[in-house]
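K.L.:
My structure is below; once you've seen it, I'll send some questions.
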Amino acid sequence: MSDTVTHRGTLWLWTGPEGTAAWHFLSIDGEAAKAIKAHEVMRRLEHGAGRGFGSVKVRARIAETRWATSVFPSKESGGWLLPIKLAVRRAEDLAAGDEAEVELELL
């Protein structure tokens with residue numbers, strides 16, 4: 001059984017030192033972040049160990065585009081970070097600064 005959460009947020013761009021890398025993310029906070037944390041705690045209790053970086057596997061959907069990925073805990077915000085890959089941004093015509101609603105099936 002899996003849980004599903006939805007969240008609306010703004011895509012933002014993280015750029016590495018010296019501009020060597022760039023990733024687009026959607027930050028997840030509020031009730032959705034609490035639900036992801038509860039799911040992560042239960043999975044850790046069931047399996048005896050957490051996943052790398054404290055991540056949680058998800059099936060994500062923005063509009064008509066679905067993909068498998070993971071969300072990662074954000075130390076700065078206390079919420080979670082969802083990477084939004086290029087294929088998704090192209091399919092849904094999204095860029096940094098755009099707002100999007102995401103549905104996450106927590107696996």
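By order of appearance in the structure tokens: chains A, B, ..., then residues from 1 within every chain, and ligands from 1 in the order shown.
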A:Ala68: which residues within 9 Å, counting only C-alpha atoms, same-chain residues fewer than 5 positions away excluded, as a ChimeraX atom specification?
P.N.:
/A:57-61
K.L.:
Let me see the file: selected residues, N, CA, C and O atoms, as a short mmCIF file (atom, residue, chain, number, x, y, z; two decimals), in the first residue's frame.
P.N.:
```cif
data_model
loop_
_atom_site.label_atom_id
_atom_site.label_comp_id
_atom_site.auth_asym_id
_atom_site.auth_seq_id
_atom_site.Cartn_x
_atom_site.Cartn_y
_atom_site.Cartn_z
N LYS A 57 11.44 7.05 -2.18
CA LYS A 57 11.07 6.78 -3.57
C LYS A 57 9.63 7.24 -3.81
O LYS A 57 8.77 7.05 -2.94
N VAL A 58 9.41 7.82 -4.99
CA VAL A 58 8.07 8.28 -5.35
C VAL A 58 7.80 8.02 -6.83
O VAL A 58 8.73 7.88 -7.63
N ARG A 59 6.52 7.98 -7.16
CA ARG A 59 6.06 8.12 -8.54
C ARG A 59 5.42 9.50 -8.59
O ARG A 59 4.47 9.77 -7.85
N ALA A 60 5.98 10.36 -9.41
CA ALA A 60 5.52 11.75 -9.46
C ALA A 60 4.69 11.99 -10.71
O ALA A 60 4.87 11.32 -11.73
N ARG A 61 3.79 12.97 -10.60
CA ARG A 61 3.00 13.39 -11.76
C ARG A 61 2.79 14.89 -11.70
O ARG A 61 2.37 15.43 -10.68
#
```
K.L.:
A:Arg90: which residues within 12 Å, counting only C-alpha atoms, same-chain residues fewer than 5 positions away excluded, as number ranges by chain?
P.N.:
A: 62, 64-65, 84-85, 95
K.L.:
Please, which residues of chain A, numbered as in this document, come out alpha helix (DSSP H) from DSSP, as number ranges by chain?
P.N.:
A: 30-47, 86-91
K.L.:
Please save N, CA and C atoms of the selected residues as an mmCIF file, in the first residue's frame.
P.N.:
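Below is the file part.cif, written as the result:
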```cif
data_model
loop_
_atom_site.group_PDB
_atom_site.id
_atom_site.type_symbol
_atom_site.label_atom_id
_atom_site.label_comp_id
_atom_site.auth_asym_id
_atom_site.auth_seq_id
_atom_site.Cartn_x
_atom_site.Cartn_y
_atom_site.Cartn_z
ATOM 1 N N GLY A 30 4.859 22.098 4.373
ATOM 2 C CA GLY A 30 3.506 22.006 4.912
ATOM 3 C C GLY A 30 3.038 20.584 5.167
ATOM 4 N N GLU A 31 1.752 20.354 4.951
ATOM 5 C CA GLU A 31 1.150 19.053 5.233
ATOM 6 C C GLU A 31 1.745 17.944 4.363
ATOM 7 N N ALA A 32 2.058 18.256 3.120
ATOM 8 C CA ALA A 32 2.666 17.248 2.238
ATOM 9 C C ALA A 32 4.010 16.797 2.803
ATOM 10 N N ALA A 33 4.820 17.742 3.297
ATOM 11 C CA ALA A 33 6.123 17.395 3.873
ATOM 12 C C ALA A 33 5.955 16.532 5.122
ATOM 13 N N LYS A 34 4.956 16.842 5.935
ATOM 14 C CA LYS A 34 4.698 16.036 7.135
ATOM 15 C C LYS A 34 4.308 14.608 6.757
ATOM 16 N N ALA A 35 3.502 14.464 5.728
ATOM 17 C CA ALA A 35 3.083 13.125 5.287
ATOM 18 C C ALA A 35 4.279 12.330 4.749
ATOM 19 N N ILE A 36 5.162 12.986 4.009
ATOM 20 C CA ILE A 36 6.357 12.301 3.491
ATOM 21 C C ILE A 36 7.249 11.866 4.650
ATOM 22 N N LYS A 37 7.437 12.735 5.631
ATOM 23 C CA LYS A 37 8.269 12.401 6.789
ATOM 24 C C LYS A 37 7.687 11.209 7.539
ATOM 25 N N ALA A 38 6.380 11.196 7.755
ATOM 26 C CA ALA A 38 5.740 10.077 8.457
ATOM 27 C C ALA A 38 5.938 8.785 7.673
ATOM 28 N N HIS A 39 5.808 8.862 6.355
ATOM 29 C CA HIS A 39 6.020 7.688 5.504
ATOM 30 C C HIS A 39 7.467 7.205 5.619
ATOM 31 N N GLU A 40 8.411 8.137 5.589
ATOM 32 C CA GLU A 40 9.834 7.778 5.685
ATOM 33 C C GLU A 40 10.140 7.108 7.020
ATOM 34 N N VAL A 41 9.582 7.613 8.100
ATOM 35 C CA VAL A 41 9.805 7.029 9.428
ATOM 36 C C VAL A 41 9.242 5.611 9.483
ATOM 37 N N MET A 42 8.041 5.417 8.972
ATOM 38 C CA MET A 42 7.436 4.079 8.983
ATOM 39 C C MET A 42 8.251 3.096 8.145
ATOM 40 N N ARG A 43 8.722 3.510 6.966
ATOM 41 C CA ARG A 43 9.546 2.634 6.123
ATOM 42 C C ARG A 43 10.845 2.262 6.839
ATOM 43 N N ARG A 44 11.442 3.240 7.517
ATOM 44 C CA ARG A 44 12.689 2.973 8.238
ATOM 45 C C ARG A 44 12.440 1.988 9.371
ATOM 46 N N LEU A 45 11.330 2.132 10.077
ATOM 47 C CA LEU A 45 11.007 1.209 11.165
ATOM 48 C C LEU A 45 10.741 -0.197 10.627
ATOM 49 N N GLU A 46 10.054 -0.292 9.490
ATOM 50 C CA GLU A 46 9.743 -1.587 8.893
ATOM 51 C C GLU A 46 10.979 -2.307 8.378
ATOM 52 N N HIS A 47 11.899 -1.549 7.792
ATOM 53 C CA HIS A 47 13.053 -2.161 7.123
ATOM 54 C C HIS A 47 14.360 -2.043 7.903
ATOM 55 N N LEU A 86 14.663 17.403 -17.011
ATOM 56 C CA LEU A 86 14.466 18.138 -18.253
ATOM 57 C C LEU A 86 13.283 17.614 -19.062
ATOM 58 N N ALA A 87 13.150 16.292 -19.173
ATOM 59 C CA ALA A 87 12.056 15.726 -19.971
ATOM 60 C C ALA A 87 10.700 16.170 -19.429
ATOM 61 N N VAL A 88 10.560 16.272 -18.126
ATOM 62 C CA VAL A 88 9.302 16.711 -17.510
ATOM 63 C C VAL A 88 9.094 18.195 -17.784
ATOM 64 N N ARG A 89 10.143 18.994 -17.608
ATOM 65 C CA ARG A 89 10.021 20.434 -17.849
ATOM 66 C C ARG A 89 9.644 20.715 -19.301
ATOM 67 N N ARG A 90 10.245 19.976 -20.222
ATOM 68 C CA ARG A 90 9.907 20.159 -21.644
ATOM 69 C C ARG A 90 8.473 19.732 -21.935
ATOM 70 N N ALA A 91 8.081 18.571 -21.428
ATOM 71 C CA ALA A 91 6.740 18.046 -21.694
ATOM 72 C C ALA A 91 5.648 18.975 -21.165
#
```
K.L.:
List as a VMD selection string the protein and nucleic acid residues near A:Gly79, meaning an atom at most 7 Å away when only C-alpha atoms are counted, but skip any in the same chain fewer than 6 places from it.
P.N.:
chain A and resid 28 to 29 33 73
K.L.:
Have a look at atom CA of A:Val71 and atom CA of A:Glu105 and let me know their distance in Å, one decimal.
P.N.:
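Here the two named atoms are 10.9 Å from each other.
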K.L.:
Just give me the gap between atom CA of A:His24 and atom CA of A:Ser55 in Å, one decimal is fine.
P.N.:
16.9 Å
K.L.:
Between A:Arg66, A:Ser74, A:Leu106, A:Phe53, single out the one closest to A:Asp3, counting only C-alpha atoms.
P.N.:
A:Leu106
K.L.:
Between atom CA of A:Leu81 and atom CA of A:Thr4, what distance in Å does the model show, to one decimal?
P.N.:
16.1 Å
K.L.:
Write out as a count of residues only which residues come within 12 Å of A:Ala22 when counting only C-alpha atoms, dropping same-chain ones fewer than 3 positions away.
P.N.:
14
